[in-house]
Structures are given as structure tokens and as C-alpha cells.
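Student: Sharing target.tsv, TSV, C-alpha atoms:
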chain	number	residue	atom	x	y	z
A	1	MET	CA	3.97	-0.18	-8.28
A	2	GLU	CA	1.47	-2.70	-6.90
A	3	HIS	CA	2.66	-6.16	-5.96
A	4	ARG	CA	1.07	-9.56	-6.48
A	5	ASN	CA	1.29	-13.04	-5.00
A	6	LEU	CA	3.34	-15.46	-7.09
A	7	GLY	CA	0.78	-18.23	-6.93
A	8	HIS	CA	0.75	-19.61	-3.38
A	9	THR	CA	4.53	-19.55	-2.98
A	10	GLY	CA	4.43	-16.72	-0.44
A	11	MET	CA	6.71	-14.69	-2.72
A	12	ILE	CA	5.45	-11.22	-3.64
A	13	VAL	CA	6.37	-9.83	-7.06
A	14	SER	CA	5.87	-6.71	-9.14
A	15	PRO	CA	3.15	-6.83	-11.84
A	16	LEU	CA	5.86	-6.77	-14.51
A	17	CYS	CA	8.74	-9.22	-14.71
A	18	LEU	CA	12.01	-8.13	-16.33
A	19	GLY	CA	13.04	-10.69	-18.94
A	20	ALA	CA	16.77	-10.96	-19.62
A	21	MET	CA	16.78	-12.78	-22.98
A	22	MET	CA	18.08	-9.69	-24.77
A	23	PHE	CA	21.06	-9.22	-22.45
A	24	GLY	CA	24.16	-10.72	-24.09
A	25	ALA	CA	25.20	-11.71	-27.60
A	26	TRP	CA	21.60	-12.44	-28.67
A	27	GLY	CA	20.62	-8.79	-28.08
A	28	GLU	CA	22.75	-6.18	-26.26
A	29	PRO	CA	26.37	-7.44	-26.08
A	30	ASP	CA	27.65	-4.65	-23.83
A	31	HIS	CA	27.41	-5.83	-20.23
A	32	ASP	CA	27.45	-2.37	-18.66
A	33	THR	CA	24.56	-1.23	-20.86
A	34	SER	CA	22.50	-4.28	-19.90
A	35	ILE	CA	23.33	-3.84	-16.22
A	36	GLY	CA	22.18	-0.23	-16.45
A	37	ILE	CA	18.81	-1.38	-17.81
A	38	ILE	CA	18.44	-3.88	-14.97
A	39	HIS	CA	19.27	-1.26	-12.34
A	40	ARG	CA	16.79	1.18	-13.89
A	41	ALA	CA	14.06	-1.47	-13.76
A	42	LEU	CA	14.81	-2.13	-10.10
A	43	ASP	CA	14.70	1.60	-9.36
A	44	GLU	CA	11.26	1.77	-11.03
A	45	GLY	CA	9.88	-0.88	-8.68
A	46	ILE	CA	10.38	-4.15	-10.56
A	47	ASN	CA	11.58	-6.86	-8.16
A	48	PHE	CA	11.15	-9.90	-10.43
A	49	ILE	CA	13.77	-10.98	-13.01
A	50	ASP	CA	13.54	-13.96	-15.36
A	51	THR	CA	16.41	-15.41	-17.39
A	52	ALA	CA	17.54	-18.83	-18.67
A	53	ASP	CA	20.77	-20.76	-19.04
A	54	ILE	CA	20.30	-20.96	-22.81
A	55	TYR	CA	20.11	-17.18	-23.34
A	56	SER	CA	23.37	-16.40	-25.12
A	57	ARG	CA	24.73	-19.67	-23.66
A	58	GLY	CA	24.87	-18.43	-20.09
A	59	GLU	CA	25.90	-14.85	-20.80
A	60	SER	CA	22.50	-13.48	-19.78
A	61	GLU	CA	22.76	-15.20	-16.39
A	62	THR	CA	26.28	-13.82	-16.00
A	63	ILE	CA	25.04	-10.27	-16.67
A	64	VAL	CA	22.15	-10.65	-14.21
A	65	GLY	CA	24.59	-11.97	-11.60
A	66	LYS	CA	26.82	-8.93	-12.05
A	67	ALA	CA	23.83	-6.58	-11.83
A	68	LEU	CA	22.64	-8.09	-8.54
A	69	ALA	CA	26.06	-8.24	-6.89
A	70	GLY	CA	26.80	-5.81	-4.08
A	71	GLY	CA	23.65	-6.21	-2.02
A	72	LYS	CA	20.82	-6.19	-4.58
A	73	ARG	CA	20.25	-9.95	-4.65
A	74	ASP	CA	18.17	-10.14	-1.46
A	75	ASP	CA	15.62	-7.68	-2.83
A	76	VAL	CA	14.91	-9.60	-6.05
A	77	ILE	CA	12.82	-12.66	-6.86
A	78	LEU	CA	15.18	-14.36	-9.30
A	79	ALA	CA	13.96	-16.91	-11.85
A	80	THR	CA	15.90	-18.91	-14.40
A	81	LYS	CA	15.26	-21.93	-16.60
A	82	PHE	CA	16.91	-25.11	-17.89
A	83	HIS	CA	16.24	-27.54	-20.76
A	84	GLY	CA	17.90	-26.18	-23.93
A	85	PRO	CA	21.28	-27.31	-25.27
A	86	MET	CA	24.28	-25.51	-23.82
A	87	ASP	CA	26.98	-26.81	-26.21
A	88	ILE	CA	25.62	-25.13	-29.36
A	89	GLU	CA	24.25	-21.69	-30.18
A	90	MET	CA	20.56	-21.07	-29.50
A	91	GLY	CA	18.48	-22.15	-32.49
A	92	GLU	CA	21.17	-24.39	-34.02
A	93	SER	CA	20.89	-28.15	-34.46
A	94	GLY	CA	23.27	-30.87	-33.31
A	95	GLY	CA	25.28	-31.03	-30.11
A	96	ASP	CA	25.53	-33.61	-27.35
A	97	PRO	CA	22.05	-34.96	-26.46
A	98	ASN	CA	23.12	-35.32	-22.82
A	99	HIS	CA	23.86	-31.59	-22.56
A	100	ARG	CA	20.19	-30.65	-22.54
A	101	GLY	CA	16.76	-31.85	-21.47
A	102	ASN	CA	14.89	-32.55	-18.24
A	103	SER	CA	16.77	-35.57	-16.87
A	104	ARG	CA	18.03	-35.69	-13.29
A	105	ARG	CA	21.56	-35.93	-14.67
A	106	TRP	CA	21.27	-32.65	-16.55
A	107	ILE	CA	19.25	-30.79	-13.91
A	108	VAL	CA	21.76	-31.55	-11.13
A	109	LYS	CA	24.66	-30.41	-13.33
A	110	GLU	CA	23.05	-27.33	-14.83
A	111	VAL	CA	21.65	-25.87	-11.62
A	112	GLU	CA	25.23	-25.63	-10.31
A	113	GLU	CA	26.34	-23.80	-13.46
A	114	SER	CA	23.43	-21.35	-13.19
A	115	LEU	CA	24.20	-20.67	-9.52
A	116	LYS	CA	27.80	-19.83	-10.42
A	117	ARG	CA	26.85	-17.54	-13.29
A	118	LEU	CA	24.18	-15.79	-11.20
A	119	GLN	CA	26.61	-15.41	-8.25
A	120	THR	CA	24.00	-16.65	-5.80
A	121	ASP	CA	23.49	-19.50	-3.37
A	122	TRP	CA	19.85	-20.04	-4.33
A	123	ILE	CA	17.38	-19.57	-7.16
A	124	ASP	CA	13.90	-18.39	-6.19
A	125	LEU	CA	12.10	-19.99	-9.15
A	126	TYR	CA	13.73	-22.73	-11.25
A	127	GLN	CA	11.71	-23.50	-14.38
A	128	VAL	CA	11.59	-26.29	-16.94
A	129	HIS	CA	11.96	-24.30	-20.16
A	130	ARG	CA	10.08	-26.82	-22.34
A	131	PRO	CA	8.60	-30.33	-21.99
A	132	ASP	CA	10.91	-33.25	-22.79
A	133	THR	CA	9.28	-36.23	-24.49
A	134	GLY	CA	12.30	-38.40	-23.67
A	135	THR	CA	12.10	-37.90	-19.88
A	136	ASN	CA	9.29	-38.91	-17.54
A	137	ASP	CA	7.89	-36.00	-15.56
A	138	ASP	CA	8.35	-38.17	-12.44
A	139	GLU	CA	12.12	-38.01	-13.00
A	140	THR	CA	12.10	-34.24	-13.47
A	141	ILE	CA	9.80	-33.41	-10.54
A	142	SER	CA	11.71	-35.74	-8.22
A	143	ALA	CA	15.04	-34.07	-9.07
A	144	LEU	CA	13.56	-30.60	-8.61
A	145	THR	CA	12.05	-31.61	-5.26
A	146	ASP	CA	15.50	-32.73	-4.10
A	147	LEU	CA	17.01	-29.38	-5.12
A	148	GLN	CA	14.25	-27.65	-3.17
A	149	THR	CA	14.98	-29.77	-0.10
A	150	GLN	CA	18.68	-28.95	-0.42
A	151	GLY	CA	17.89	-25.22	-0.47
A	152	LYS	CA	19.36	-24.61	-3.91
A	153	ILE	CA	15.98	-23.57	-5.27
A	154	ARG	CA	12.98	-22.14	-3.41
A	155	ALA	CA	10.28	-23.21	-5.89
A	156	PHE	CA	9.96	-24.66	-9.37
A	157	GLY	CA	7.70	-24.14	-12.35
A	158	SER	CA	7.12	-24.95	-16.01
A	159	SER	CA	7.28	-22.96	-19.23
A	160	THR	CA	5.22	-23.46	-22.40
A	161	PHE	CA	3.65	-26.69	-21.16
A	162	PRO	CA	0.34	-27.75	-22.74
A	163	ALA	CA	-2.58	-27.96	-20.35
A	164	HIS	CA	-2.58	-31.76	-20.16
A	165	ARG	CA	1.11	-31.83	-19.16
A	166	ILE	CA	0.41	-29.30	-16.41
A	167	VAL	CA	-2.37	-31.49	-15.05
A	168	GLU	CA	-0.22	-34.63	-15.29
A	169	GLY	CA	2.53	-32.87	-13.35
A	170	GLN	CA	0.12	-31.97	-10.56
A	171	TRP	CA	-1.12	-35.57	-10.39
A	172	ILE	CA	2.44	-36.93	-10.19
A	173	SER	CA	3.28	-34.57	-7.33
A	174	GLU	CA	0.20	-35.59	-5.38
A	175	LYS	CA	0.61	-39.31	-6.05
A	176	ARG	CA	4.31	-39.41	-5.08
A	177	SER	CA	4.20	-36.72	-2.35
A	178	LEU	CA	6.68	-34.54	-4.24
A	179	GLY	CA	7.01	-30.80	-4.67
A	180	ARG	CA	4.94	-29.38	-7.49
A	181	PHE	CA	5.06	-26.92	-10.33
A	182	VAL	CA	3.85	-23.65	-8.79
A	183	THR	CA	4.08	-21.47	-11.90
A	184	GLU	CA	3.60	-21.68	-15.65
A	185	GLN	CA	5.19	-19.39	-18.23
A	186	PRO	CA	3.06	-19.49	-21.43
A	187	PRO	CA	3.12	-17.38	-24.59
A	188	TYR	CA	0.27	-14.87	-24.34
A	189	SER	CA	-0.56	-11.64	-26.13
A	190	LEU	CA	-3.32	-9.82	-27.98
A	191	LEU	CA	-2.45	-11.96	-31.02
A	192	VAL	CA	-1.75	-15.24	-29.22
A	193	ARG	CA	-4.77	-15.97	-27.04
A	194	GLY	CA	-4.96	-19.76	-27.31
A	195	VAL	CA	-3.94	-20.27	-23.67
A	196	GLU	CA	-7.16	-18.58	-22.55
A	197	ALA	CA	-9.04	-21.74	-23.56
A	198	ASP	CA	-7.05	-24.26	-21.50
A	199	VAL	CA	-3.72	-23.31	-19.89
A	200	LEU	CA	-4.98	-20.31	-17.95
A	201	PRO	CA	-8.03	-22.02	-16.41
A	202	VAL	CA	-5.86	-25.02	-15.48
A	203	ALA	CA	-3.31	-22.70	-13.84
A	204	GLU	CA	-6.10	-21.05	-11.85
A	205	LYS	CA	-7.45	-24.45	-10.83
A	206	TYR	CA	-4.09	-25.37	-9.28
A	207	ASP	CA	-3.34	-21.91	-7.80
A	208	MET	CA	-0.32	-21.47	-10.07
A	209	GLY	CA	1.37	-18.18	-10.76
A	210	VAL	CA	1.33	-17.27	-14.47
A	211	ILE	CA	4.24	-15.37	-16.03
A	212	PRO	CA	3.43	-14.89	-19.74
A	213	TRP	CA	6.25	-14.37	-22.23
A	214	SER	CA	6.17	-12.22	-25.37
A	215	PRO	CA	3.23	-9.91	-24.52
A	216	LEU	CA	4.32	-7.85	-27.54
A	217	ALA	CA	4.00	-10.93	-29.79
A	218	GLY	CA	7.61	-10.97	-30.94
A	219	GLY	CA	7.60	-7.26	-31.79
A	220	TRP	CA	4.30	-7.26	-33.69
A	221	LEU	CA	2.73	-5.06	-31.00
A	222	SER	CA	5.67	-2.68	-30.59
A	223	GLY	CA	4.02	-0.01	-32.77
A	224	LYS	CA	6.77	-0.32	-35.39
A	225	ILE	CA	4.76	-2.61	-37.65
A	226	ARG	CA	2.00	-0.76	-39.47
A	227	LYS	CA	0.35	-0.99	-42.87
A	228	GLY	CA	2.19	0.70	-45.71
A	229	GLU	CA	5.52	0.81	-43.89
A	230	GLY	CA	7.04	-2.32	-45.42
A	231	GLN	CA	9.30	-4.88	-43.76
A	232	PRO	CA	10.22	-3.70	-40.24
A	233	GLU	CA	13.90	-3.14	-39.42
A	234	THR	CA	14.15	-4.71	-35.98
A	235	ASN	CA	16.59	-7.01	-34.23
A	236	ARG	CA	14.06	-9.86	-34.41
A	237	SER	CA	13.13	-9.31	-38.07
A	238	LYS	CA	16.80	-9.58	-39.05
A	239	ARG	CA	17.13	-12.91	-37.24
A	240	ARG	CA	13.75	-14.34	-38.35
A	241	PRO	CA	12.60	-12.49	-41.49
A	242	GLY	CA	9.94	-15.13	-42.26
A	243	MET	CA	7.93	-13.89	-39.26
A	244	PHE	CA	7.28	-10.63	-41.12
A	245	ASP	CA	6.78	-11.86	-44.71
A	246	MET	CA	3.83	-9.73	-45.75
A	247	SER	CA	3.23	-11.91	-48.85
A	248	ASN	CA	2.04	-14.70	-46.53
A	249	PRO	CA	-1.79	-14.46	-46.28
A	250	ALA	CA	-1.76	-15.47	-42.61
A	251	ILE	CA	0.74	-12.74	-41.80
A	252	ALA	CA	-1.35	-10.25	-43.79
A	253	ARG	CA	-4.32	-11.12	-41.55
A	254	LYS	CA	-2.15	-10.56	-38.53
A	255	LEU	CA	-1.15	-7.15	-39.91
A	256	ASP	CA	-4.83	-6.25	-40.30
A	257	ALA	CA	-5.42	-7.10	-36.63
A	258	VAL	CA	-2.37	-5.09	-35.54
A	259	GLU	CA	-3.63	-2.09	-37.48
A	260	ASP	CA	-7.05	-2.31	-35.82
A	261	LEU	CA	-5.44	-2.68	-32.38
A	262	ALA	CA	-3.16	0.30	-33.01
A	263	LEU	CA	-6.15	2.45	-33.93
A	264	LEU	CA	-7.98	1.27	-30.80
A	265	ALA	CA	-4.97	2.23	-28.67
A	266	GLU	CA	-4.92	5.69	-30.24
A	267	GLU	CA	-8.63	6.15	-29.54
A	268	ALA	CA	-8.08	5.04	-25.94
A	269	GLY	CA	-5.26	7.57	-25.52
A	270	MET	CA	-2.40	5.14	-24.99
A	271	SER	CA	0.41	3.50	-26.91
A	272	LEU	CA	-0.05	0.11	-28.55
A	273	ILE	CA	2.70	-1.18	-26.25
A	274	HIS	CA	0.76	-0.15	-23.14
A	275	LEU	CA	-2.46	-1.61	-24.54
A	276	ALA	CA	-0.75	-4.93	-25.27
A	277	ILE	CA	1.01	-5.33	-21.93
A	278	ALA	CA	-1.95	-4.09	-19.88
A	279	PHE	CA	-4.22	-6.57	-21.65
A	280	VAL	CA	-2.06	-9.51	-20.58
A	281	MET	CA	-1.46	-8.10	-17.09
A	282	GLN	CA	-5.19	-7.60	-16.50
A	283	HIS	CA	-6.23	-11.21	-17.06
A	284	PRO	CA	-7.32	-12.60	-13.65
A	285	ALA	CA	-5.08	-15.67	-14.00
A	286	VAL	CA	-1.91	-13.69	-14.78
A	287	THR	CA	0.67	-12.74	-12.17
A	288	ALA	CA	3.18	-10.71	-14.19
A	289	PRO	CA	3.89	-10.45	-17.93
A	290	ILE	CA	7.56	-10.65	-18.90
A	291	ILE	CA	8.91	-7.59	-20.68
A	292	GLY	CA	12.17	-8.12	-22.54
A	293	PRO	CA	13.83	-4.78	-23.34
A	294	ARG	CA	17.07	-4.66	-25.33
A	295	THR	CA	17.59	-0.92	-24.83
A	296	MET	CA	16.78	1.68	-22.20
A	297	GLU	CA	14.27	3.17	-24.65
A	298	HIS	CA	12.48	-0.18	-24.80
A	299	LEU	CA	12.27	-0.33	-21.01
A	300	GLU	CA	10.93	3.22	-20.74
A	301	SER	CA	8.25	2.54	-23.37
A	302	GLN	CA	7.03	-0.60	-21.57
A	303	ILE	CA	7.27	-0.01	-17.83
A	304	GLY	CA	4.43	2.53	-17.71
A	305	ALA	CA	1.97	-0.23	-18.65
A	306	ALA	CA	1.96	-1.26	-14.99
A	307	GLU	CA	-0.27	1.74	-14.26
A	308	VAL	CA	-2.74	1.16	-17.13
A	309	LYS	CA	-6.24	-0.22	-16.51
A	310	LEU	CA	-8.28	-1.18	-19.56
A	311	SER	CA	-12.01	-0.47	-19.51
A	312	THR	CA	-14.64	-3.07	-20.30
A	313	ASP	CA	-15.41	-1.22	-23.54
A	314	VAL	CA	-11.78	-1.49	-24.66
A	315	LEU	CA	-11.66	-5.17	-23.73
A	316	ASP	CA	-14.86	-5.79	-25.73
A	317	ARG	CA	-13.32	-4.06	-28.76
A	318	ILE	CA	-10.21	-6.22	-28.43
A	319	ASP	CA	-12.41	-9.34	-28.40
A	320	GLU	CA	-14.01	-8.21	-31.66
A	321	ILE	CA	-10.60	-7.82	-33.32
A	322	VAL	CA	-9.04	-11.05	-32.00
A	323	PRO	CA	-11.68	-13.25	-30.34
A	324	PRO	CA	-10.87	-14.96	-27.02
A	325	GLY	CA	-9.00	-18.23	-27.20
A	326	THR	CA	-7.75	-17.69	-30.76
A	327	THR	CA	-4.26	-17.22	-32.16
A	328	LEU	CA	-3.09	-15.33	-35.21
A	329	SER	CA	0.07	-17.04	-36.44
A	330	ASP	CA	1.83	-17.98	-39.66
A	331	GLY	CA	-0.49	-20.98	-40.03
A	332	ASP	CA	-3.65	-19.30	-38.79
A	333	THR	CA	-6.85	-20.37	-40.53
A	334	GLY	CA	-8.94	-17.40	-39.48
A	335	TYR	CA	-10.90	-16.03	-36.54
A	336	GLN	CA	-13.26	-18.12	-34.42
A	337	PRO	CA	-16.12	-15.77	-33.51
A	338	ASP	CA	-17.98	-18.50	-31.58
A	339	ALA	CA	-15.30	-18.12	-28.88
A	340	LEU	CA	-17.09	-14.95	-27.80
A	341	GLN	CA	-19.86	-17.12	-26.40
A	342	ASP	CA	-17.63	-19.24	-24.14
A	343	PRO	CA	-18.49	-18.33	-20.50
A	344	PHE	CA	-14.93	-18.68	-19.20
A	345	LEU	CA	-13.42	-16.65	-22.03
A	346	ARG	CA	-16.02	-13.91	-21.60
A	347	ARG	CA	-15.29	-13.69	-17.89
A	348	ARG	CA	-11.89	-12.07	-18.43
A	349	ARG	CA	-13.69	-9.05	-19.91
A	350	THR	CA	-15.62	-8.33	-16.73
A	351	ALA	CA	-13.06	-9.39	-14.11
Can the structure in the file be given as C-alpha cells, please?

Tutor:
Amino acid sequence: MEHRNLGHTGMIVSPLCLGAMMFGAWGEPDHDTSIGIIHRALDEGINFIDTADIYSRGESETIVGKALAGGKRDDVILATKFHGPMDIEMGESGGDPNHRGNSRRWIVKEVEESLKRLQTDWIDLYQVHRPDTGTNDDETISALTDLQTQGKIRAFGSSTFPAHRIVEGQWISEKRSLGRFVTEQPPYSLLVRGVEADVLPVAEKYDMGVIPWSPLAGGWLSGKIRKGEGQPETNRSKRRPGMFDMSNPAIARKLDAVEDLALLAEEAGMSLIHLAIAFVMQHPAVTAPIIGPRTMEHLESQIGAAEVKLSTDVLDRIDEIVPPGTTLSDGDTGYQPDALQDPFLRRRRTA
């Protein structure tokens, strides 16, 4: 498996990152099963693991820590995140407002908890899971710089930040001579291409590593959702059935696009999963898409995408189905064919 530079951090990572969101109560509750998936991924050449404190309220980090115990830690680039509430279940409302966010108070406390759960003395990449409108970025970046100086983290990054917040963060770091965000973790897939218009070019401008999440668009590109097959029976559809309500016109449009992409994958001689992951992985701004298997079967169906190279003809066909810079979502208002004329967006097809 080829390796890539994680921005300009000097860290070298595999072209796929193993996401650990599905390890624990949110996905696979059996620790030994999850550990087996992690070990299999490492054996296949993945050396990059991403988790977060909020995933199953720390259980995911605990599982990753167990999996890397006994000598495996030194061979892995380990990333985790902070921001979400830790005193309530993921997705619930309420809780103590001081047990979340991007304040120095919370960062200093939560990094210690993550280090304990991960059974490590340092975190390679510590990421802000989401922006916090109640905390100045100066406060957050200053606290993260101190953790970096102390050796508790090697580098820090952002996740799901809009382009203007990424730029503001870079300006703050330069103005105050602080460490800077060296990576961004945006949503990006064949169906969610909005970041091509702003986030990805900004990340390239600042030499940031890009670690996209949900390259399978929340299961839409898993191959299990096809026309005429009704509501899918997946772990995600049970938790969020509204995402797959086929009576919603916007979701019906998304299903049309999925069907066209599935047929394109068949014509190209590959699975829809491989087409979807390879598409994200092949963008010149991307370092490593995050795959998030819940089962060994999921891992085996996804990991082969690391060897797939999409031709220019296939990329052009994809652009016709879902034009560059556009997103098909529940509130989508339709395609934007003019995006095909944008010089930056076209460049990803010939890179």
C-alpha cells in the first residue's frame, strides 16, 4: 500500500484511514471483534487510525487503546478528536455546557482522559471535532499549542470547519506566532461534493492534510441502496430512518444518482464501494479518506479501494451524474451544471 505525506507534518500515512466510530455501543459492542478488525487493517498496511472521545462516550478510544497495546502503538499514526458532550449519549440534548466545546478548560481536561483511554503518552493528531461559536479560535489554538509544546500531542487539526474558519485559524496562528491547524477532516463523497468549491482549495493553499469522512455518504454508496429494493435494513437506517425516506423528493433524486453511479461502477468493472472511495482518494487535495467498518466484511469490501485508479473517462461520467462542487442532500434543490465550467473543479478530473 502506497503512503502519503500528512500535509507538511512529516508524518507518513496510508492512503486509507481506519475510522473507529463503529467500535463500541454505537456499532459493534464486542471489544474483541472490534480489536480483530483493527488488527486486520494494520496487517493490510493501514497505519492511520482516527477516533474521537464522543464515539460511544469514550468506548471507541478504549477499544483502540486495547488494540494498540503490546507494541503496536509506535507503528500507528493515531488521531482523535474533542468537542462533543461527554456527559450525555451522542445525539442527545442537555448535559453540562462545560463538559464540551473548544475552551482551554475543556481541552486541558479532555486530552488527559483521551490519553488514559488510548493507553498512550501522546496523540499524533488532536482535532477539533466541530467549530464552537462560543469560544474564540485564539483560545483554542493557544491551548492546543501548549499541549504540543508539552509533548502530549504532536500536531493538531480541525474537522468540518467552513473555509472561512480555516482561513481565520491560519491568520490567528501567524499573527500570534502559535501552532496551526495542519489538517482538515471534511465530509466528502460522490454525493457530497460541496467542499470541492472552497474547503479543498483552501486546504491546498495552506498545505494541510485532508482526511475526508463518510466517503460512502452514510451508507448511500454501500451498494445496498438500489431502486426497487425499498427501505434499506442497515445499522444507520435504523438509527436515522429519515435519511432514507424515499417519499422525500430530494432523497428520490439522490437515489437516481446512486443508481447511475452503481451502473457506472458495473461498467467499469468494480464495486460501487471501490468507485466511491477511490473517487475521494484520487482528489489531489486529499490525503486519506476515512473508512468506518463495523464488521470484518465491511473492512474487506472497502480496503481494496486503495489499489483502484479511476480513468479520466470515469471521472467525466461521475461529473455528469453529480457535477463538481454540488451536494445531494435532504434539502437539495437540484444539480448545478454550470459547475462543470469552473477551472478549479475541472482540474480534479485531469490530475

Student: List the spatial neighbours of region 124-131 of chain A as a ChimeraX atom specification - criterion: any atom at most 8 Å away, all atoms listed in the file, same-chain residues fewer than 4 positions off excluded.

Tutor: /A:52,77-84,102,153-161

Student: Could you save those same residues with C-alpha atoms as a PDB file, keeping the file's coordinate frame?

Tutor:
ATOM      1  CA  ALA A  52      17.540 -18.830 -18.670  1.00  0.00           C
ATOM      2  CA  ILE A  77      12.820 -12.660  -6.860  1.00  0.00           C
ATOM      3  CA  LEU A  78      15.180 -14.360  -9.300  1.00  0.00           C
ATOM      4  CA  ALA A  79      13.960 -16.910 -11.850  1.00  0.00           C
ATOM      5  CA  THR A  80      15.900 -18.910 -14.400  1.00  0.00           C
ATOM      6  CA  LYS A  81      15.260 -21.930 -16.600  1.00  0.00           C
ATOM      7  CA  PHE A  82      16.910 -25.110 -17.890  1.00  0.00           C
ATOM      8  CA  HIS A  83      16.240 -27.540 -20.760  1.00  0.00           C
ATOM      9  CA  GLY A  84      17.900 -26.180 -23.930  1.00  0.00           C
ATOM     10  CA  ASN A 102      14.890 -32.550 -18.240  1.00  0.00           C
ATOM     11  CA  ILE A 153      15.980 -23.570  -5.270  1.00  0.00           C
ATOM     12  CA  ARG A 154      12.980 -22.140  -3.410  1.00  0.00           C
ATOM     13  CA  ALA A 155      10.280 -23.210  -5.890  1.00  0.00           C
ATOM     14  CA  PHE A 156       9.960 -24.660  -9.370  1.00  0.00           C
ATOM     15  CA  GLY A 157       7.700 -24.140 -12.350  1.00  0.00           C
ATOM     16  CA  SER A 158       7.120 -24.950 -16.010  1.00  0.00           C
ATOM     17  CA  SER A 159       7.280 -22.960 -19.230  1.00  0.00           C
ATOM     18  CA  THR A 160       5.220 -23.460 -22.400  1.00  0.00           C
ATOM     19  CA  PHE A 161       3.650 -26.690 -21.160  1.00  0.00           C
TER      20      PHE A 161
END

Student: Identify the residues within 12 Å of coordinate (22.8, -29.9, -24.9) (same frame as the file), considering all atoms listed in the file, and give the answer as a ChimeraX atom specification.

Tutor: /A:53-54,57,82-103,105-107,109-110

Student: Point out the residue among A:Arg294, A:Lys72, A:His274, A:Gly325 with the least atom-to-atom distance to Ala197 (chain A), counting all atoms listed in the file.

Tutor: A:Gly325

Student: Can you tell me, as a list of chain:residue names, what residues are no more than 9 Å from Ser173 (chain A) when counting only C-alpha atoms, ignoring any on the same chain fewer than 5 positions away?

Tutor: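 Counting only the stated atoms, we get A:Asp138, A:Ile141, A:Ser142, A:Glu168, A:Leu178, A:Gly179, A:Arg180, A:Phe181.
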
Student: Need the shell around Glu112 (chain A): protein/DNA/RNA residues with any atom at most 10 Å away, counting only C-alpha atoms. Skip same-chain ones fewer than 4 positions apart. Format as a PDB file with C-alpha atoms, in the frame of the given file?

Tutor:
ATOM      1  CA  ILE A 107      19.250 -30.790 -13.910  1.00  0.00           C
ATOM      2  CA  VAL A 108      21.760 -31.550 -11.130  1.00  0.00           C
ATOM      3  CA  LYS A 116      27.800 -19.830 -10.420  1.00  0.00           C
ATOM      4  CA  ARG A 117      26.850 -17.540 -13.290  1.00  0.00           C
ATOM      5  CA  LEU A 118      24.180 -15.790 -11.200  1.00  0.00           C
ATOM      6  CA  ASP A 121      23.490 -19.500  -3.370  1.00  0.00           C
ATOM      7  CA  TRP A 122      19.850 -20.040  -4.330  1.00  0.00           C
ATOM      8  CA  LYS A 152      19.360 -24.610  -3.910  1.00  0.00           C
TER       9      LYS A 152
END

Student: To one decimal place in Å, what is the distance between CA of Ala288 (chain A) and CA of Ser177 (chain A)?

Tutor: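 So the answer is 28.6 Å.
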
Student: Quick one, how far is CA of Arg193 (chain A) from CA of Ser222 (chain A)?

Tutor: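 Pair CA of Arg193 (chain A) / CA of Ser222 (chain A) returns 17.3 Å.
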
Student: Taking 5 positions as the minimum chain separation for residues in the same chain, which residues sit within 10 Å of Ala265 (chain A) when counting only C-alpha atoms? Answer as number ranges by chain.

Tutor: A: 259-260, 270-276, 314, 318

Student: Using all atoms listed in the file, which residue out of A:Leu264, A:Leu328, A:Ile12, A:Ala163 lies closest to Ala203 (chain A)?

Tutor: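 Looking only at the distances to Ala203 (chain A), the closest residue turns out to be A:Ala163.
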
Student: Could you check how far CA of Ala257 (chain A) sits from CA of Thr312 (chain A), in Å to one decimal?

Tutor: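 It comes out at 19.2 Å.
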
Student: Given the choices A:Glu300, A:Asp256, A:Asp30, A:Asp50, which gets closest to Ile321 (chain A) if the distance is worked out from all atoms listed in the file?

Tutor: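 Nearest to Ile321 (chain A): A:Asp256.
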
Student: Looking at all atoms listed in the file, which of A:His164, A:His39, A:Arg226, A:Lys205 is the one that sits closest to Val64 (chain A)?

Tutor: A:His39

Student: Could you pull the residues within 12 Å of Leu42 (chain A), counting all atoms listed in the file, minus those fewer than 2 positions along the same chain, as a PyMOL selection string?

Tutor: chain A and resi 1+13-14+16-18+35-40+44-49+64+67-68+72-73+75-77+299+303

Student: Counting all atoms listed in the file, which residue out of A:Glu61, A:Thr140, A:Val167, A:Leu315 sits closest to Leu115 (chain A)?

Tutor: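 For Leu115 (chain A), the nearest of the given residues is A:Glu61.
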